[in-house]
Amino acid sequence: MELLLRNKNFFLLFLGTLLSTLGGSIFFISVVWTAASELGGATAVSIVLSFQALPIIITAPFVGLFVDKRKKKNILVSSSLIDGFVLLFFAVLLKMNILDIWILSITIFVQQFVGSFMGSSFQTLIPLIVEDEDLSKANSLFSSANMLAQLVGLGIGGILVAFLGLQGAVIFNGLLFIASAICEIFINYKEEIGKIVTEIKTFTGIKEGFVYAWKKIEIKGLILLEGASDFFGLAIFVLLPVITQEILKIGAEGYGILQAMSSVGSLVCGILMSFITEVKRKYLWMTIFGIILGITFSMIGVISSFWILAVLLFIQGLLIGYDNIIISVILQRETDRYYRGRVFSFRSMFNSILRPIGYMFVSLLLLFLSINQLIISYGIIIAILSLFYLLIPYASKRAKVEEQG
């Protein structure tokens, strides 16, 4: 926490990100509730969620190069302002009683499109405003802030819609984004953009970014393993409603608690890691925690107790939070500053593509396996995948020796 007090730029970025994440979470609840209650139920929700995921998949490579070519602070401020004014314009349409599924979908598409610029800029700005030894604490604080904002936003989103109406909730969201931009305006730091980046053509720059990421063992290995773990690990959120209803025999309140436990675990992890010294043997600990994650995942397949399941989900949140923070730190440190935007955009794109495929794969496997068999099998796979983290530093050293030789 002392990092927030001694680094003004970090505090402003932290506060701005907290406000924008809170606004995004509240808007998400507002949109989903509106789609479900007023615009066609489950079908409308599916359309809206599709428009939410689409921008990241389509634009990620272009966004990364755009971020690499420009000052990160300016992109953050512009993105927050655009998000804010888009929501205020949407509120005007609501005032005029102009609302249908396509207007709602286009609004969320624009917001997510702008948000993709915000996410890449944020990740690449952190190592520019904090010292290298503070990277772990900085990422931990941001992780906990994001989780806290999401939990609060998801919790109060429905309340705001109930008391302020959809229009009032949307105006509140827009003002949060504008407040975020005001905080970010006052960030002051030096950033040099090399001609090697500014003068490069679009498709050449995207290709070079892919080649750079693929050749760097640490970058390629971490992105691939993180994506693979997500592919299997996030299946729990597809299966959790079924487990809640068919195995635990509890209602929506119990499901809501279980759904939140992983996020609470990640929040606690971020807070704890902001106080402790950065770990040295990162890949070893990622392997150990990955094996524990796989074991706890498999245990869900044989547990029929609500409270034990809640504890297991909390532990999973802790372990996943640790991995996310450490992977971000390594990528920020190992990636040349002229490629950071593209690397983090590729990371986001890869995960965004794999997740819906993973959800569909779960549905397919349930035709052949029981829920318990699927969860146990996925847990074993997650544990095995974590062993490959140990190979990354070995392969990286070997590649460097071969280059020098």
# chains A, B, ... in the order shown; residues from 1 in each chain; ligands from 1
$ residues_around --residues "stretch 73-75 of chain A" --least-positions-apart "5" --cutoff "9 Å" --atoms "only C-alpha atoms" --output "ChimeraX atom specification"
/A:67,80,117-118,121-122,125,184-185,187-189
$ residues_around --residues "A:Ile257" --least-positions-apart "5" --cutoff "12 Å" --atoms "only C-alpha atoms" --output "ChimeraX atom specification"
/A:151,155,240-241,244,250-252,262-264,306-307,309-311,313-314
$ write_last_selection --atoms "all heavy atoms" --output "compact mmCIF listing (two decimals), in the first residue's frame"
# COMPACT_ATOMS: atom_id res chain seq x y z
N LEU A 151 -16.56 -6.85 -8.02
CA LEU A 151 -17.49 -7.38 -7.02
C LEU A 151 -18.48 -6.31 -6.57
O LEU A 151 -19.69 -6.57 -6.47
CB LEU A 151 -16.70 -7.89 -5.80
CG LEU A 151 -15.93 -9.20 -6.00
CD1 LEU A 151 -15.00 -9.46 -4.82
CD2 LEU A 151 -16.90 -10.37 -6.16
N GLY A 155 -22.39 -6.17 -7.55
CA GLY A 155 -23.30 -6.19 -6.42
C GLY A 155 -24.30 -5.05 -6.42
O GLY A 155 -25.47 -5.22 -6.08
N LEU A 240 -20.95 -24.84 -12.76
CA LEU A 240 -21.37 -24.45 -11.42
C LEU A 240 -22.89 -24.32 -11.27
O LEU A 240 -23.44 -24.79 -10.25
CB LEU A 240 -20.69 -23.13 -11.02
CG LEU A 240 -20.70 -22.78 -9.54
CD1 LEU A 240 -20.08 -23.90 -8.71
CD2 LEU A 240 -19.95 -21.46 -9.30
N PRO A 241 -23.60 -23.71 -12.23
CA PRO A 241 -25.07 -23.67 -12.06
C PRO A 241 -25.70 -25.06 -12.00
O PRO A 241 -26.65 -25.28 -11.24
CB PRO A 241 -25.53 -22.92 -13.32
CG PRO A 241 -24.34 -22.16 -13.79
CD PRO A 241 -23.17 -23.00 -13.43
N THR A 244 -24.92 -26.58 -8.62
CA THR A 244 -25.74 -25.93 -7.60
C THR A 244 -27.15 -26.54 -7.56
O THR A 244 -27.69 -26.82 -6.49
CB THR A 244 -25.83 -24.42 -7.89
OG1 THR A 244 -24.51 -23.87 -7.91
CG2 THR A 244 -26.65 -23.72 -6.81
N ILE A 250 -29.50 -26.32 -4.05
CA ILE A 250 -29.68 -25.01 -3.41
C ILE A 250 -30.14 -24.01 -4.47
O ILE A 250 -30.06 -24.26 -5.67
CB ILE A 250 -28.39 -24.52 -2.74
CG1 ILE A 250 -27.23 -24.45 -3.74
CG2 ILE A 250 -28.02 -25.41 -1.57
CD1 ILE A 250 -25.95 -23.91 -3.16
N GLY A 251 -30.58 -22.84 -4.01
CA GLY A 251 -31.17 -21.86 -4.89
C GLY A 251 -30.18 -20.82 -5.41
O GLY A 251 -28.96 -20.98 -5.31
N ALA A 252 -30.75 -19.73 -5.94
CA ALA A 252 -29.96 -18.69 -6.58
C ALA A 252 -29.01 -17.99 -5.60
O ALA A 252 -27.91 -17.57 -5.97
CB ALA A 252 -30.89 -17.66 -7.23
N SER A 262 -14.48 -17.30 -6.08
CA SER A 262 -13.22 -17.25 -6.83
C SER A 262 -12.71 -15.81 -6.94
O SER A 262 -11.51 -15.55 -6.78
CB SER A 262 -13.41 -17.86 -8.22
OG SER A 262 -12.19 -17.85 -8.94
N SER A 263 -13.62 -14.88 -7.21
CA SER A 263 -13.24 -13.46 -7.29
C SER A 263 -12.73 -12.95 -5.95
O SER A 263 -11.77 -12.18 -5.88
CB SER A 263 -14.42 -12.62 -7.77
OG SER A 263 -14.80 -12.98 -9.08
N VAL A 264 -13.37 -13.38 -4.88
CA VAL A 264 -12.94 -12.98 -3.54
C VAL A 264 -11.52 -13.52 -3.27
O VAL A 264 -10.67 -12.82 -2.71
CB VAL A 264 -13.92 -13.49 -2.46
CG1 VAL A 264 -13.37 -13.23 -1.06
CG2 VAL A 264 -15.28 -12.82 -2.63
N PHE A 306 -21.78 -27.70 0.41
CA PHE A 306 -21.78 -26.31 -0.06
C PHE A 306 -20.56 -25.56 0.48
O PHE A 306 -19.86 -24.88 -0.28
CB PHE A 306 -23.07 -25.60 0.37
CG PHE A 306 -23.06 -24.13 0.13
CD1 PHE A 306 -23.36 -23.61 -1.12
CD2 PHE A 306 -22.76 -23.24 1.16
CE1 PHE A 306 -23.36 -22.24 -1.34
CE2 PHE A 306 -22.75 -21.87 0.95
CZ PHE A 306 -23.05 -21.38 -0.31
N TRP A 307 -20.29 -25.66 1.77
CA TRP A 307 -19.23 -24.85 2.37
C TRP A 307 -17.84 -25.33 1.95
O TRP A 307 -16.93 -24.51 1.76
CB TRP A 307 -19.38 -24.86 3.89
CG TRP A 307 -20.60 -24.12 4.33
CD1 TRP A 307 -21.72 -24.65 4.89
CD2 TRP A 307 -20.86 -22.72 4.18
NE1 TRP A 307 -22.66 -23.67 5.12
CE2 TRP A 307 -22.16 -22.47 4.69
CE3 TRP A 307 -20.10 -21.66 3.67
CZ2 TRP A 307 -22.72 -21.20 4.70
CZ3 TRP A 307 -20.67 -20.38 3.69
CH2 TRP A 307 -21.96 -20.17 4.19
N LEU A 309 -17.19 -26.69 -0.94
CA LEU A 309 -17.08 -26.21 -2.31
C LEU A 309 -16.74 -24.72 -2.34
O LEU A 309 -15.91 -24.28 -3.15
CB LEU A 309 -18.38 -26.46 -3.06
CG LEU A 309 -18.44 -26.02 -4.53
CD1 LEU A 309 -17.31 -26.66 -5.34
CD2 LEU A 309 -19.79 -26.37 -5.15
N ALA A 310 -17.35 -23.95 -1.44
CA ALA A 310 -17.05 -22.52 -1.36
C ALA A 310 -15.58 -22.28 -1.03
O ALA A 310 -14.91 -21.42 -1.63
CB ALA A 310 -17.94 -21.85 -0.33
N VAL A 311 -15.04 -23.07 -0.11
CA VAL A 311 -13.63 -22.95 0.27
C VAL A 311 -12.72 -23.32 -0.90
O VAL A 311 -11.71 -22.65 -1.18
CB VAL A 311 -13.31 -23.84 1.50
CG1 VAL A 311 -11.81 -23.88 1.75
CG2 VAL A 311 -14.05 -23.32 2.73
N LEU A 313 -13.38 -23.11 -4.10
CA LEU A 313 -13.45 -22.04 -5.10
C LEU A 313 -12.64 -20.82 -4.65
O LEU A 313 -11.99 -20.16 -5.47
CB LEU A 313 -14.89 -21.65 -5.36
CG LEU A 313 -15.74 -22.69 -6.11
CD1 LEU A 313 -17.21 -22.31 -6.09
CD2 LEU A 313 -15.24 -22.85 -7.55
N PHE A 314 -12.66 -20.54 -3.35
CA PHE A 314 -11.85 -19.44 -2.80
C PHE A 314 -10.37 -19.73 -3.02
O PHE A 314 -9.61 -18.85 -3.44
CB PHE A 314 -12.15 -19.28 -1.32
CG PHE A 314 -11.29 -18.25 -0.63
CD1 PHE A 314 -11.59 -16.90 -0.73
CD2 PHE A 314 -10.19 -18.64 0.11
CE1 PHE A 314 -10.80 -15.95 -0.11
CE2 PHE A 314 -9.38 -17.70 0.73
CZ PHE A 314 -9.69 -16.35 0.63
$ residues_around --residues "stretch 288-299 of chain A" --least-positions-apart "2" --cutoff "8 Å" --atoms "only C-alpha atoms" --output "number ranges by chain"
A: 233, 284-286, 301-303, 312, 315-316, 319-320, 375-387
$ select_by_dssp --residues "stretch 210-354 of chain A" --states "helix (DSSP H, G or I)" --output "PyMOL selection string"
chain A and resi 210-215+217-233+235-247+252-273+282-300+306-334+340-354
$ closest_residue --among "A:Leu94, A:Ile327, A:Val343, A:Met273" --to "A:Glu226" --atoms "only C-alpha atoms"
A:Ile327
$ residues_around --residues "A:Pro393" --least-positions-apart "2" --cutoff "10 Å" --atoms "only C-alpha atoms" --output "VMD selection string"
chain A and resid 217 to 218 221 282 to 284 389 to 391 395 to 399
$ residues_around --residues "A:Gly205" --least-positions-apart "4" --cutoff "12 Å" --atoms "only C-alpha atoms" --output "ChimeraX atom specification"
/A:61-69,196-201,209-212,338-339,341-343
$ atom_distance --atom1 "atom CA of A:Ile392" --atom2 "atom CA of A:Leu374"
28.4 Å
$ closest_residue --among "A:Met360, A:Leu3, A:Ile271, A:Ile353" --to "A:Ala145" --atoms "only C-alpha atoms"
A:Ile271
$ closest_residue --among "A:Ser345, A:Ser304, A:Thr277, A:Ser229" --to "A:Glu133" --atoms "only C-alpha atoms"
A:Thr277
$ closest_residue --among "A:Ser363, A:Phe27, A:Leu19, A:Phe350" --to "A:Lys220" --atoms "only C-alpha atoms"
A:Phe350
$ atom_distance --atom1 "atom CA of A:Val92" --atom2 "atom CA of A:Gly174"
11.7 Å
$ atom_distance --atom1 "atom CA of A:Leu248" --atom2 "atom CA of A:Gly317"
20.7 Å
$ residues_around --residues "A:Glu2" --least-positions-apart "6" --cutoff "10 Å" --atoms "only C-alpha atoms" --output "mmCIF file with N, CA, C and O atoms, in the first residue's frame"
data_model
loop_
_atom_site.group_PDB
_atom_site.id
_atom_site.type_symbol
_atom_site.label_atom_id
_atom_site.label_comp_id
_atom_site.auth_asym_id
_atom_site.auth_seq_id
_atom_site.Cartn_x
_atom_site.Cartn_y
_atom_site.Cartn_z
ATOM 1 N N LYS A 137 4.341 -5.669 -6.739
ATOM 2 C CA LYS A 137 3.383 -4.995 -5.865
ATOM 3 C C LYS A 137 2.371 -4.191 -6.673
ATOM 4 O O LYS A 137 1.181 -4.159 -6.345
ATOM 5 N N SER A 274 0.590 -7.556 -2.398
ATOM 6 C CA SER A 274 1.034 -6.162 -2.379
ATOM 7 C C SER A 274 1.845 -5.843 -1.121
ATOM 8 O O SER A 274 2.519 -4.812 -1.066
ATOM 9 N N PHE A 275 1.799 -6.737 -0.135
ATOM 10 C CA PHE A 275 2.530 -6.519 1.120
ATOM 11 C C PHE A 275 3.821 -7.326 1.205
ATOM 12 O O PHE A 275 4.692 -7.000 2.003
#
$ closest_residue --among "A:Leu176, A:Leu258, A:Leu164, A:Leu4" --to "A:Ala149" --atoms "only C-alpha atoms"
A:Leu176
$ decode --residues "stretch 226-300 of chain A" --atoms "C-alpha atoms" --output "PDB file, in the first residue's frame"
ATOM      1  CA  GLU A 226      -2.108 -19.487 -19.450  1.00  0.00           C
ATOM      2  CA  GLY A 227      -4.538 -19.945 -22.345  1.00  0.00           C
ATOM      3  CA  ALA A 228      -4.526 -23.733 -21.950  1.00  0.00           C
ATOM      4  CA  SER A 229      -5.171 -23.482 -18.202  1.00  0.00           C
ATOM      5  CA  ASP A 230      -8.032 -21.063 -18.815  1.00  0.00           C
ATOM      6  CA  PHE A 231      -9.467 -23.409 -21.452  1.00  0.00           C
ATOM      7  CA  PHE A 232      -9.893 -26.123 -18.828  1.00  0.00           C
ATOM      8  CA  GLY A 233     -10.160 -24.097 -15.608  1.00  0.00           C
ATOM      9  CA  LEU A 234     -12.997 -21.784 -16.624  1.00  0.00           C
ATOM     10  CA  ALA A 235     -15.199 -24.812 -17.314  1.00  0.00           C
ATOM     11  CA  ILE A 236     -16.178 -24.662 -13.649  1.00  0.00           C
ATOM     12  CA  PHE A 237     -18.285 -21.563 -14.332  1.00  0.00           C
ATOM     13  CA  VAL A 238     -20.236 -23.446 -16.989  1.00  0.00           C
ATOM     14  CA  LEU A 239     -20.772 -26.384 -14.645  1.00  0.00           C
ATOM     15  CA  LEU A 240     -21.370 -24.451 -11.418  1.00  0.00           C
ATOM     16  CA  PRO A 241     -25.067 -23.667 -12.059  1.00  0.00           C
ATOM     17  CA  VAL A 242     -25.680 -27.360 -12.789  1.00  0.00           C
ATOM     18  CA  ILE A 243     -23.759 -28.439  -9.662  1.00  0.00           C
ATOM     19  CA  THR A 244     -25.744 -25.930  -7.603  1.00  0.00           C
ATOM     20  CA  GLN A 245     -29.117 -27.214  -8.811  1.00  0.00           C
ATOM     21  CA  GLU A 246     -28.581 -30.936  -9.358  1.00  0.00           C
ATOM     22  CA  ILE A 247     -25.990 -31.902  -6.736  1.00  0.00           C
ATOM     23  CA  LEU A 248     -26.184 -29.314  -3.935  1.00  0.00           C
ATOM     24  CA  LYS A 249     -29.931 -28.694  -4.374  1.00  0.00           C
ATOM     25  CA  ILE A 250     -29.679 -25.012  -3.415  1.00  0.00           C
ATOM     26  CA  GLY A 251     -31.171 -21.857  -4.892  1.00  0.00           C
ATOM     27  CA  ALA A 252     -29.957 -18.686  -6.577  1.00  0.00           C
ATOM     28  CA  GLU A 253     -28.586 -17.190  -3.354  1.00  0.00           C
ATOM     29  CA  GLY A 254     -26.217 -20.110  -2.844  1.00  0.00           C
ATOM     30  CA  TYR A 255     -25.174 -19.982  -6.488  1.00  0.00           C
ATOM     31  CA  GLY A 256     -24.393 -16.279  -6.158  1.00  0.00           C
ATOM     32  CA  ILE A 257     -22.134 -16.937  -3.165  1.00  0.00           C
ATOM     33  CA  LEU A 258     -20.264 -19.730  -4.963  1.00  0.00           C
ATOM     34  CA  GLN A 259     -19.923 -17.623  -8.110  1.00  0.00           C
ATOM     35  CA  ALA A 260     -18.297 -14.824  -6.079  1.00  0.00           C
ATOM     36  CA  MET A 261     -15.857 -16.990  -4.084  1.00  0.00           C
ATOM     37  CA  SER A 262     -13.223 -17.247  -6.830  1.00  0.00           C
ATOM     38  CA  SER A 263     -13.237 -13.464  -7.295  1.00  0.00           C
ATOM     39  CA  VAL A 264     -12.935 -12.978  -3.537  1.00  0.00           C
ATOM     40  CA  GLY A 265      -9.934 -15.337  -3.535  1.00  0.00           C
ATOM     41  CA  SER A 266      -8.238 -13.344  -6.306  1.00  0.00           C
ATOM     42  CA  LEU A 267      -8.956 -10.117  -4.409  1.00  0.00           C
ATOM     43  CA  VAL A 268      -7.356 -11.486  -1.232  1.00  0.00           C
ATOM     44  CA  CYS A 269      -4.374 -12.749  -3.249  1.00  0.00           C
ATOM     45  CA  GLY A 270      -3.790  -9.297  -4.742  1.00  0.00           C
ATOM     46  CA  ILE A 271      -3.925  -7.650  -1.321  1.00  0.00           C
ATOM     47  CA  LEU A 272      -1.536 -10.184   0.238  1.00  0.00           C
ATOM     48  CA  MET A 273       0.979  -9.960  -2.621  1.00  0.00           C
ATOM     49  CA  SER A 274       1.034  -6.162  -2.379  1.00  0.00           C
ATOM     50  CA  PHE A 275       2.530  -6.519   1.120  1.00  0.00           C
ATOM     51  CA  ILE A 276       5.087  -9.281   0.568  1.00  0.00           C
ATOM     52  CA  THR A 277       8.468  -9.266  -1.144  1.00  0.00           C
ATOM     53  CA  GLU A 278       8.475 -10.387  -4.769  1.00  0.00           C
ATOM     54  CA  VAL A 279       9.098 -14.133  -5.021  1.00  0.00           C
ATOM     55  CA  LYS A 280      12.328 -15.231  -6.684  1.00  0.00           C
ATOM     56  CA  ARG A 281      11.677 -18.704  -8.109  1.00  0.00           C
ATOM     57  CA  LYS A 282       8.532 -17.728  -9.973  1.00  0.00           C
ATOM     58  CA  TYR A 283       8.259 -20.721 -12.299  1.00  0.00           C
ATOM     59  CA  LEU A 284       8.714 -23.190  -9.459  1.00  0.00           C
ATOM     60  CA  TRP A 285       5.929 -21.583  -7.422  1.00  0.00           C
ATOM     61  CA  MET A 286       3.666 -21.376 -10.461  1.00  0.00           C
ATOM     62  CA  THR A 287       4.174 -25.109 -10.930  1.00  0.00           C
ATOM     63  CA  ILE A 288       3.458 -25.900  -7.257  1.00  0.00           C
ATOM     64  CA  PHE A 289       0.362 -23.699  -7.190  1.00  0.00           C
ATOM     65  CA  GLY A 290      -0.773 -25.130 -10.535  1.00  0.00           C
ATOM     66  CA  ILE A 291      -0.639 -28.663  -9.153  1.00  0.00           C
ATOM     67  CA  ILE A 292      -2.603 -27.572  -6.069  1.00  0.00           C
ATOM     68  CA  LEU A 293      -5.097 -25.848  -8.397  1.00  0.00           C
ATOM     69  CA  GLY A 294      -5.555 -29.083 -10.339  1.00  0.00           C
ATOM     70  CA  ILE A 295      -6.081 -31.059  -7.122  1.00  0.00           C
ATOM     71  CA  THR A 296      -8.676 -28.620  -5.776  1.00  0.00           C
ATOM     72  CA  PHE A 297     -10.415 -28.626  -9.169  1.00  0.00           C
ATOM     73  CA  SER A 298     -10.662 -32.426  -9.148  1.00  0.00           C
ATOM     74  CA  MET A 299     -11.933 -32.381  -5.551  1.00  0.00           C
ATOM     75  CA  ILE A 300     -14.950 -30.373  -6.701  1.00  0.00           C
TER      76      ILE A 300
END
